[in-house]
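Report on the structure given below.
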Amino acid sequence: MVSRPAPASAALPPMTGEDGPPGFDAFGRAVLEDVRDAVFLSDAEGALRWANPAAHTLTGGAEPRLHPIAETSGHVEVAGHKRPARIRALPGGWHAWTVPAEDVPQRHVGDFLAEAGPRLAGARGRHGTARVIAELAASALAETVFVLLPTTRGRWEWWSCERPAAQGHGRIRRVPAQVAPVLAATFGATGRPQIAPVPAPEVATLPPVVADRFAGHADVSVVSLGPSAGSGVTGALLLGRRADPEFGGEQTRAVAEFAKAAGTALANAQRYARQEEATRGLETTLRPIDPPELEGTRFETWYEPAGGVLAVGGDFYDVLPHDDGSAFLVLGDVCGKGPEAAALTGRVRHALTALAMVERDGRTLLRLLNELLIAGGSSRFATLVLGTAQPVDGGVDLTLASGGHPAPLIVRRSGVVEEVTVPGTLVGISPQARFAEAGVRLERGDMCLLYTDGITEARNRHDQTELFGDDRLRAVLTAAAGEPAREVVRRLRQAVRDWLGSSAHDDIAVLAVECPD
């Protein structure tokens, strides 16, 4: 007698009376599925064709090999370990290999929970966490598992898993408490999860997609997935068993401890989802938007905040059109980075948006903003350059005011790079702050670049003490002179990224104002 293993990559197919041993019917298969002994069936060619749940537990997903010693005895080898097996000849040349239950390794509750912990912690989102809970419970606690979580419009959302790996997901109507009192009590339970048997009549009241899956189970029970009254998560874990509990007398403890861990994982997933929603809302509010189209003027931007929880930071820009065809523009840098800097950035942007509706003088705007920041009691300050872009025949007139910000650079079409000298003090530090204003004209093909110090202070990927600096910035701009603003900004972005490599960087914001040909 020669036996061959089933391919490791292929699951053993379920057998019917036609492709199984002669006389092997649904009744015989059900009986073998419920026994505690590990049973393997090999066909007349010696190929392993089927294994019951106890045999799947024995192999743990590894490829089994069947080694005959005599007509009635042999070994089942799993991952190099051989376990004695009884061999029984079946009609048609088939054989049953049985590893007695006492030789099947018994799982310990602690081992199961230790295995489950990292998978629960690594699950992401409500859906992913519920799916993992169902998979883990079906691997050790029951043959059929349903995770039930309340959702909108009087429904439950469910995730299921059946041994060996069948999964499902959907929504069902919520069953009233008067016809499903055990489930209702479980959903309302707080404190340590308590497993409770679900009577067959109550199981029958559930929608068929759930009730039908528990048909023929020796035991159906339910346990709460809410770890505490303040968790914000309520849910239930339905467990159906056909065979004896895998953990024996420790089964109740195994279910309770797993339900507690699963409930905590769900609560964390829900908390994380709320944080993600809040983060997306803040990002939508705080992240600069693309500049509007303005006849006679083009704008190009580059916005790249430092890494962090929020995809926004302390650098910002805004371009707000006026009814006369001009536009208010501002680029700034709030001290610091991350959520705190982003919050102050939002205050500054909103304040300037409101002030720019009634005031156009740049020096006055900076003075009013300075007073607002000082009155607000913030310990942070900002540097800004703001002003007005006014298209005129053949060019664009810029009026710029600065509050301690790096000087704007004019890139002439000829290749000359000019600095616009606009003195001014930091905004939000002193009530005696003074600000100045300067005007400049852009001719066709010229561009004005407003930028934050995230450019010039970018650190070399090989030597963190070496900064990108003003000279490299000017060299990039000179080489790109005469090109459209989009190309100039692209070249600058590429140069800085090549300089940084994978190194961390400060917030970066660039606003280019172009007088197109």
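Residue numbering restarts at 1 for every chain of the structure tokens, chains are lettered A, B, ... in their displayed order, and ligands are numbered from 1 as they appear.
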Write out as a PDB file with N, CA and C atoms, in the first residue's frame all residues of segment 155-317 of chain A that DSSP puts in strand (DSSP E) for this structure's backbone.
```
ATOM      1  N   ARG A 155     -30.930  47.374  11.499  1.00  0.00           N
ATOM      2  CA  ARG A 155     -30.325  46.165  10.956  1.00  0.00           C
ATOM      3  C   ARG A 155     -29.077  45.776  11.736  1.00  0.00           C
ATOM      4  N   TRP A 156     -28.667  44.534  11.538  1.00  0.00           N
ATOM      5  CA  TRP A 156     -27.385  44.034  12.014  1.00  0.00           C
ATOM      6  C   TRP A 156     -26.511  43.786  10.803  1.00  0.00           C
ATOM      7  N   GLU A 157     -25.252  44.129  10.923  1.00  0.00           N
ATOM      8  CA  GLU A 157     -24.277  43.735   9.920  1.00  0.00           C
ATOM      9  C   GLU A 157     -23.597  42.471  10.437  1.00  0.00           C
ATOM     10  N   TRP A 158     -23.391  41.502   9.552  1.00  0.00           N
ATOM     11  CA  TRP A 158     -22.814  40.241  10.021  1.00  0.00           C
ATOM     12  C   TRP A 158     -21.609  39.830   9.192  1.00  0.00           C
ATOM     13  N   TRP A 159     -20.693  39.151   9.876  1.00  0.00           N
ATOM     14  CA  TRP A 159     -19.533  38.519   9.253  1.00  0.00           C
ATOM     15  C   TRP A 159     -19.525  37.072   9.741  1.00  0.00           C
ATOM     16  N   SER A 160     -19.337  36.131   8.860  1.00  0.00           N
ATOM     17  CA  SER A 160     -19.371  34.725   9.256  1.00  0.00           C
ATOM     18  C   SER A 160     -18.107  34.010   8.811  1.00  0.00           C
ATOM     19  N   CYS A 161     -17.836  32.904   9.475  1.00  0.00           N
ATOM     20  CA  CYS A 161     -16.748  32.024   9.073  1.00  0.00           C
ATOM     21  C   CYS A 161     -17.108  30.608   9.511  1.00  0.00           C
ATOM     22  N   GLU A 162     -16.939  29.663   8.608  1.00  0.00           N
ATOM     23  CA  GLU A 162     -17.192  28.257   8.903  1.00  0.00           C
ATOM     24  C   GLU A 162     -15.953  27.445   8.566  1.00  0.00           C
ATOM     25  N   ALA A 166     -14.726  28.937   4.962  1.00  0.00           N
ATOM     26  CA  ALA A 166     -15.799  29.633   4.248  1.00  0.00           C
ATOM     27  C   ALA A 166     -16.182  30.899   4.989  1.00  0.00           C
ATOM     28  N   GLN A 167     -16.242  32.028   4.261  1.00  0.00           N
ATOM     29  CA  GLN A 167     -16.530  33.317   4.882  1.00  0.00           C
ATOM     30  C   GLN A 167     -17.738  33.963   4.221  1.00  0.00           C
ATOM     31  N   GLY A 168     -18.396  34.859   4.958  1.00  0.00           N
ATOM     32  CA  GLY A 168     -19.533  35.583   4.422  1.00  0.00           C
ATOM     33  C   GLY A 168     -19.681  36.933   5.095  1.00  0.00           C
ATOM     34  N   HIS A 169     -20.471  37.799   4.465  1.00  0.00           N
ATOM     35  CA  HIS A 169     -20.694  39.134   5.002  1.00  0.00           C
ATOM     36  C   HIS A 169     -21.986  39.680   4.425  1.00  0.00           C
ATOM     37  N   GLY A 170     -22.756  40.392   5.237  1.00  0.00           N
ATOM     38  CA  GLY A 170     -23.992  40.983   4.758  1.00  0.00           C
ATOM     39  C   GLY A 170     -24.721  41.729   5.859  1.00  0.00           C
ATOM     40  N   ARG A 171     -25.993  42.029   5.604  1.00  0.00           N
ATOM     41  CA  ARG A 171     -26.837  42.728   6.581  1.00  0.00           C
ATOM     42  C   ARG A 171     -28.173  42.003   6.682  1.00  0.00           C
ATOM     43  N   ILE A 172     -28.731  42.010   7.878  1.00  0.00           N
ATOM     44  CA  ILE A 172     -30.025  41.371   8.119  1.00  0.00           C
ATOM     45  C   ILE A 172     -30.860  42.286   8.990  1.00  0.00           C
ATOM     46  N   ARG A 173     -32.155  42.027   9.007  1.00  0.00           N
ATOM     47  CA  ARG A 173     -33.037  42.791   9.893  1.00  0.00           C
ATOM     48  C   ARG A 173     -32.739  42.436  11.343  1.00  0.00           C
ATOM     49  N   ALA A 196     -23.678  32.592  26.866  1.00  0.00           N
ATOM     50  CA  ALA A 196     -25.033  32.135  27.180  1.00  0.00           C
ATOM     51  C   ALA A 196     -25.530  31.228  26.062  1.00  0.00           C
ATOM     52  N   PRO A 197     -26.183  30.115  26.410  1.00  0.00           N
ATOM     53  CA  PRO A 197     -26.750  29.239  25.376  1.00  0.00           C
ATOM     54  C   PRO A 197     -27.949  29.905  24.714  1.00  0.00           C
ATOM     55  N   ASP A 219     -24.650  22.638  19.764  1.00  0.00           N
ATOM     56  CA  ASP A 219     -24.720  23.724  20.746  1.00  0.00           C
ATOM     57  C   ASP A 219     -24.575  25.051  20.019  1.00  0.00           C
ATOM     58  N   VAL A 220     -25.435  26.002  20.337  1.00  0.00           N
ATOM     59  CA  VAL A 220     -25.318  27.375  19.825  1.00  0.00           C
ATOM     60  C   VAL A 220     -25.304  28.301  21.033  1.00  0.00           C
ATOM     61  N   SER A 221     -24.299  29.166  21.103  1.00  0.00           N
ATOM     62  CA  SER A 221     -24.173  30.086  22.233  1.00  0.00           C
ATOM     63  C   SER A 221     -23.830  31.475  21.720  1.00  0.00           C
ATOM     64  N   VAL A 222     -23.939  32.458  22.607  1.00  0.00           N
ATOM     65  CA  VAL A 222     -23.676  33.835  22.240  1.00  0.00           C
ATOM     66  C   VAL A 222     -22.921  34.506  23.374  1.00  0.00           C
ATOM     67  N   VAL A 223     -22.046  35.451  23.012  1.00  0.00           N
ATOM     68  CA  VAL A 223     -21.288  36.201  24.010  1.00  0.00           C
ATOM     69  C   VAL A 223     -21.163  37.636  23.521  1.00  0.00           C
ATOM     70  N   SER A 224     -21.152  38.584  24.448  1.00  0.00           N
ATOM     71  CA  SER A 224     -21.074  39.996  24.101  1.00  0.00           C
ATOM     72  C   SER A 224     -19.679  40.378  23.634  1.00  0.00           C
ATOM     73  N   ALA A 236     -22.278  41.089  19.199  1.00  0.00           N
ATOM     74  CA  ALA A 236     -22.440  39.737  19.711  1.00  0.00           C
ATOM     75  C   ALA A 236     -21.679  38.771  18.827  1.00  0.00           C
ATOM     76  N   LEU A 237     -21.194  37.704  19.460  1.00  0.00           N
ATOM     77  CA  LEU A 237     -20.489  36.638  18.768  1.00  0.00           C
ATOM     78  C   LEU A 237     -21.301  35.363  18.937  1.00  0.00           C
ATOM     79  N   LEU A 238     -21.872  34.864  17.819  1.00  0.00           N
ATOM     80  CA  LEU A 238     -22.645  33.632  17.820  1.00  0.00           C
ATOM     81  C   LEU A 238     -21.734  32.466  17.465  1.00  0.00           C
ATOM     82  N   LEU A 239     -21.772  31.428  18.301  1.00  0.00           N
ATOM     83  CA  LEU A 239     -20.879  30.289  18.127  1.00  0.00           C
ATOM     84  C   LEU A 239     -21.697  29.006  18.021  1.00  0.00           C
ATOM     85  N   GLY A 240     -21.457  28.218  16.982  1.00  0.00           N
ATOM     86  CA  GLY A 240     -22.138  26.942  16.829  1.00  0.00           C
ATOM     87  C   GLY A 240     -21.132  25.806  16.797  1.00  0.00           C
ATOM     88  N   ARG A 241     -21.334  24.816  17.667  1.00  0.00           N
ATOM     89  CA  ARG A 241     -20.432  23.665  17.722  1.00  0.00           C
ATOM     90  C   ARG A 241     -21.172  22.384  17.372  1.00  0.00           C
ATOM     91  N   ARG A 298      -0.901  83.815 -14.201  1.00  0.00           N
ATOM     92  CA  ARG A 298      -0.972  82.396 -13.877  1.00  0.00           C
ATOM     93  C   ARG A 298      -0.291  82.154 -12.536  1.00  0.00           C
ATOM     94  N   PHE A 299      -0.828  81.154 -11.829  1.00  0.00           N
ATOM     95  CA  PHE A 299      -0.269  80.784 -10.531  1.00  0.00           C
ATOM     96  C   PHE A 299       0.107  79.302 -10.568  1.00  0.00           C
ATOM     97  N   GLU A 300       1.232  78.996  -9.961  1.00  0.00           N
ATOM     98  CA  GLU A 300       1.669  77.606  -9.817  1.00  0.00           C
ATOM     99  C   GLU A 300       2.090  77.403  -8.369  1.00  0.00           C
ATOM    100  N   THR A 301       1.771  76.223  -7.814  1.00  0.00           N
ATOM    101  CA  THR A 301       2.037  75.984  -6.400  1.00  0.00           C
ATOM    102  C   THR A 301       2.761  74.662  -6.180  1.00  0.00           C
ATOM    103  N   TRP A 302       3.387  74.562  -5.029  1.00  0.00           N
ATOM    104  CA  TRP A 302       3.958  73.312  -4.517  1.00  0.00           C
ATOM    105  C   TRP A 302       3.752  73.330  -3.013  1.00  0.00           C
ATOM    106  N   TYR A 303       3.013  72.338  -2.529  1.00  0.00           N
ATOM    107  CA  TYR A 303       2.709  72.256  -1.100  1.00  0.00           C
ATOM    108  C   TYR A 303       3.060  70.865  -0.613  1.00  0.00           C
ATOM    109  N   GLU A 304       3.990  70.767   0.327  1.00  0.00           N
ATOM    110  CA  GLU A 304       4.430  69.474   0.829  1.00  0.00           C
ATOM    111  C   GLU A 304       4.727  69.584   2.325  1.00  0.00           C
ATOM    112  N   ASP A 315       3.020  75.723   6.989  1.00  0.00           N
ATOM    113  CA  ASP A 315       3.178  76.543   5.790  1.00  0.00           C
ATOM    114  C   ASP A 315       1.846  76.604   5.043  1.00  0.00           C
ATOM    115  N   PHE A 316       1.618  77.716   4.352  1.00  0.00           N
ATOM    116  CA  PHE A 316       0.342  77.855   3.652  1.00  0.00           C
ATOM    117  C   PHE A 316       0.466  78.904   2.553  1.00  0.00           C
ATOM    118  N   TYR A 317      -0.517  78.909   1.688  1.00  0.00           N
ATOM    119  CA  TYR A 317      -0.665  79.968   0.692  1.00  0.00           C
ATOM    120  C   TYR A 317      -2.141  80.134   0.409  1.00  0.00           C
TER     121      TYR A 317
END
```
Can you pull out the residues contacting Glu77 of chain A? Cut-off 9 Å, using only C-alpha atoms, and skip same-chain residues under 3 positions away; I want them as a compact mmCIF listing (two decimals) with N, CA and C atoms, in the first residue's frame.
```txt
# COMPACT_ATOMS: atom_id res chain seq x y z
N THR A 59 -3.04 18.93 11.71
CA THR A 59 -2.03 19.38 10.74
C THR A 59 -1.73 20.86 10.87
N GLU A 63 1.29 20.24 5.41
CA GLU A 63 1.01 19.14 4.50
C GLU A 63 1.23 17.79 5.21
N PRO A 64 0.20 16.96 5.33
CA PRO A 64 0.38 15.65 5.98
C PRO A 64 0.91 14.61 5.00
N ARG A 65 1.69 13.68 5.52
CA ARG A 65 2.17 12.54 4.71
C ARG A 65 1.81 11.25 5.45
N LEU A 66 1.30 10.30 4.71
CA LEU A 66 0.84 9.04 5.29
C LEU A 66 1.86 7.94 4.99
N HIS A 67 2.38 7.31 6.06
CA HIS A 67 3.39 6.27 5.91
C HIS A 67 2.85 4.95 6.47
N GLY A 80 7.46 16.96 10.04
CA GLY A 80 8.56 16.17 10.58
C GLY A 80 8.22 15.34 11.79
N HIS A 81 7.02 15.51 12.34
CA HIS A 81 6.60 14.73 13.51
C HIS A 81 5.66 13.61 13.07
N LYS A 82 5.94 12.38 13.52
CA LYS A 82 5.12 11.24 13.15
C LYS A 82 4.22 10.84 14.31
N ARG A 83 2.94 10.60 13.97
CA ARG A 83 1.99 10.17 14.99
C ARG A 83 1.37 8.84 14.57
N PRO A 84 1.30 7.90 15.51
CA PRO A 84 0.75 6.57 15.18
C PRO A 84 -0.68 6.67 14.67
```
Considering only C-alpha atoms, return as a VMD selection string whatever protein or nucleic-acid residues lie within 7 Å of segment 376-385 of chain A, sequence-local ones (same chain, fewer than 3 positions apart) excluded.
chain A and resid 330 to 335 372 to 373 400 to 405 426 to 429
If you keep all heavy atoms, can you produce a file of those selected residues as a CSV table (one decimal), in the first residue's frame?
```csv
chain,number,residue,atom,x,y,z
A,330,VAL,N,-1.1,85.5,-0.6
A,330,VAL,CA,-0.4,85.4,0.6
A,330,VAL,C,0.3,84.1,0.7
A,330,VAL,O,-0.2,83.0,0.3
A,330,VAL,CB,-1.3,85.6,1.9
A,330,VAL,CG1,-2.4,84.6,1.9
A,330,VAL,CG2,-0.5,85.5,3.2
A,331,LEU,N,1.5,84.1,1.2
A,331,LEU,CA,2.3,82.8,1.5
A,331,LEU,C,2.9,83.0,2.9
A,331,LEU,O,3.5,84.1,3.2
A,331,LEU,CB,3.3,82.5,0.5
A,331,LEU,CG,4.1,81.2,0.7
A,331,LEU,CD1,4.2,80.4,-0.6
A,331,LEU,CD2,5.5,81.6,1.2
A,332,GLY,N,2.8,82.0,3.8
A,332,GLY,CA,3.3,82.2,5.1
A,332,GLY,C,3.8,80.9,5.7
A,332,GLY,O,3.7,79.8,5.2
A,333,ASP,N,4.4,81.1,6.9
A,333,ASP,CA,5.0,80.0,7.7
A,333,ASP,C,4.8,80.3,9.1
A,333,ASP,O,5.3,81.2,9.7
A,333,ASP,CB,6.5,80.0,7.3
A,333,ASP,CG,7.2,78.8,8.1
A,333,ASP,OD1,6.6,78.1,8.9
A,333,ASP,OD2,8.4,78.7,7.8
A,334,VAL,N,4.0,79.4,9.8
A,334,VAL,CA,3.7,79.5,11.2
A,334,VAL,C,4.8,78.7,11.9
A,334,VAL,O,5.2,77.6,11.5
A,334,VAL,CB,2.3,78.9,11.5
A,334,VAL,CG1,2.1,78.8,13.0
A,334,VAL,CG2,1.2,79.9,11.0
A,335,CYS,N,5.3,79.3,13.0
A,335,CYS,CA,6.4,78.6,13.8
A,335,CYS,C,6.0,77.2,14.2
A,335,CYS,O,4.9,77.0,14.7
A,335,CYS,CB,6.7,79.5,15.0
A,335,CYS,SG,7.8,78.7,16.2
A,372,LEU,N,-4.2,90.6,16.2
A,372,LEU,CA,-5.1,89.5,16.5
A,372,LEU,C,-4.3,88.3,17.1
A,372,LEU,O,-4.8,87.7,18.1
A,372,LEU,CB,-5.7,89.0,15.2
A,372,LEU,CG,-6.9,89.8,14.7
A,372,LEU,CD1,-7.3,89.3,13.3
A,372,LEU,CD2,-8.1,89.7,15.6
A,373,LEU,N,-3.1,88.0,16.6
A,373,LEU,CA,-2.3,86.9,17.2
A,373,LEU,C,-1.9,87.2,18.6
A,373,LEU,O,-1.9,86.3,19.5
A,373,LEU,CB,-1.1,86.6,16.3
A,373,LEU,CG,-1.4,86.1,14.9
A,373,LEU,CD1,-0.1,85.8,14.2
A,373,LEU,CD2,-2.2,84.8,15.0
A,400,LEU,N,3.8,94.1,-2.7
A,400,LEU,CA,4.1,93.1,-1.7
A,400,LEU,C,4.5,93.7,-0.4
A,400,LEU,O,5.2,94.7,-0.3
A,400,LEU,CB,5.2,92.2,-2.2
A,400,LEU,CG,5.0,91.4,-3.5
A,400,LEU,CD1,6.3,90.8,-4.0
A,400,LEU,CD2,3.9,90.4,-3.4
A,401,ALA,N,4.0,93.1,0.7
A,401,ALA,CA,4.4,93.5,2.1
A,401,ALA,C,4.8,92.2,2.8
A,401,ALA,O,4.3,91.1,2.5
A,401,ALA,CB,3.2,94.1,2.8
A,402,SER,N,5.8,92.4,3.7
A,402,SER,CA,6.4,91.2,4.3
A,402,SER,C,6.4,91.4,5.9
A,402,SER,O,6.6,92.5,6.4
A,402,SER,CB,7.8,91.0,3.8
A,402,SER,OG,8.4,89.9,4.5
A,403,GLY,N,6.3,90.3,6.5
A,403,GLY,CA,6.5,90.2,8.0
A,403,GLY,C,7.5,89.2,8.3
A,403,GLY,O,7.2,88.0,8.7
A,404,GLY,N,8.8,89.6,8.2
A,404,GLY,CA,9.9,88.7,8.6
A,404,GLY,C,10.1,87.5,7.7
A,404,GLY,O,10.7,86.5,8.1
A,405,HIS,N,9.5,87.5,6.5
A,405,HIS,CA,9.6,86.3,5.6
A,405,HIS,C,10.8,86.4,4.6
A,405,HIS,O,11.2,87.5,4.3
A,405,HIS,CB,8.3,86.2,4.8
A,405,HIS,CG,8.0,84.8,4.2
A,405,HIS,ND1,7.6,83.8,5.0
A,405,HIS,CD2,8.2,84.3,3.0
A,405,HIS,CE1,7.5,82.7,4.3
A,405,HIS,NE2,7.9,83.0,3.0
A,426,LEU,N,8.7,89.9,12.5
A,426,LEU,CA,7.8,88.7,12.7
A,426,LEU,C,6.4,89.1,13.1
A,426,LEU,O,6.2,90.1,13.9
A,426,LEU,CB,8.5,87.8,13.7
A,426,LEU,CG,9.9,87.3,13.4
A,426,LEU,CD1,10.4,86.5,14.6
A,426,LEU,CD2,9.9,86.4,12.1
A,427,VAL,N,5.4,88.3,12.7
A,427,VAL,CA,4.0,88.6,13.0
A,427,VAL,C,3.6,87.8,14.3
A,427,VAL,O,3.8,86.6,14.3
A,427,VAL,CB,3.1,88.3,11.9
A,427,VAL,CG1,1.7,88.6,12.2
A,427,VAL,CG2,3.6,89.0,10.6
A,428,GLY,N,3.1,88.5,15.3
A,428,GLY,CA,2.6,87.9,16.5
A,428,GLY,C,3.6,87.9,17.6
A,428,GLY,O,3.3,87.2,18.7
A,429,ILE,N,4.6,88.7,17.6
A,429,ILE,CA,5.6,88.8,18.6
A,429,ILE,C,5.5,90.1,19.4
A,429,ILE,O,5.5,90.0,20.7
A,429,ILE,CB,7.1,88.7,18.0
A,429,ILE,CG1,7.3,87.3,17.5
A,429,ILE,CG2,8.1,89.0,19.1
A,429,ILE,CD1,7.4,86.2,18.5
```
Might you pull out every residue within 9 Å of Leu352 of chain A, with only C-alpha atoms counted and same-chain residues fewer than 5 positions away left off, and present them as JSON, numbers by chain?
{"A": [330, 347, 357, 365, 366, 369]}
Only C-alpha atoms, please: the residues just picked out, written as a PDB file, in the first residue's frame.
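Here's the written file result.pdb:
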```
ATOM      1  CA  VAL A 330      -0.369  85.413   0.638  1.00  0.00           C
ATOM      2  CA  ARG A 347      -6.697  80.889  12.287  1.00  0.00           C
ATOM      3  CA  MET A 357     -12.509  91.595   2.024  1.00  0.00           C
ATOM      4  CA  LEU A 365      -3.340  93.742   6.961  1.00  0.00           C
ATOM      5  CA  LEU A 366      -0.109  92.654   8.655  1.00  0.00           C
ATOM      6  CA  LEU A 369      -3.076  90.225  11.967  1.00  0.00           C
TER       7      LEU A 369
END
```
As a ChimeraX atom specification, please: the residues near segment 406-415 of chain A (cut-off 7 Å, only C-alpha atoms, same-chain neighbours under 4 positions excluded).
/A:419-422,445-450,452,477-478,481-482
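Residues within 7 Å of segment 131-137 of chain A, counting only C-alpha atoms and excluding same-chain residues fewer than 2 positions away, are Ala116, Leu120, Ala123, His127, Gly128, Thr129, Ser139, Ala140, Leu141, Ala142, Val145, Phe146, Val147, Trp159, Ser160, Cys161 and Ala262 of chain A.
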Between atom CA of Glu418 of chain A and atom CA of Thr399 of chain A, what distance in Å does the model show, to one decimal?
15.3 Å
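Between atom CA of Gly61 of chain A and atom CA of His95 of chain A there is a distance of 21.6 Å.
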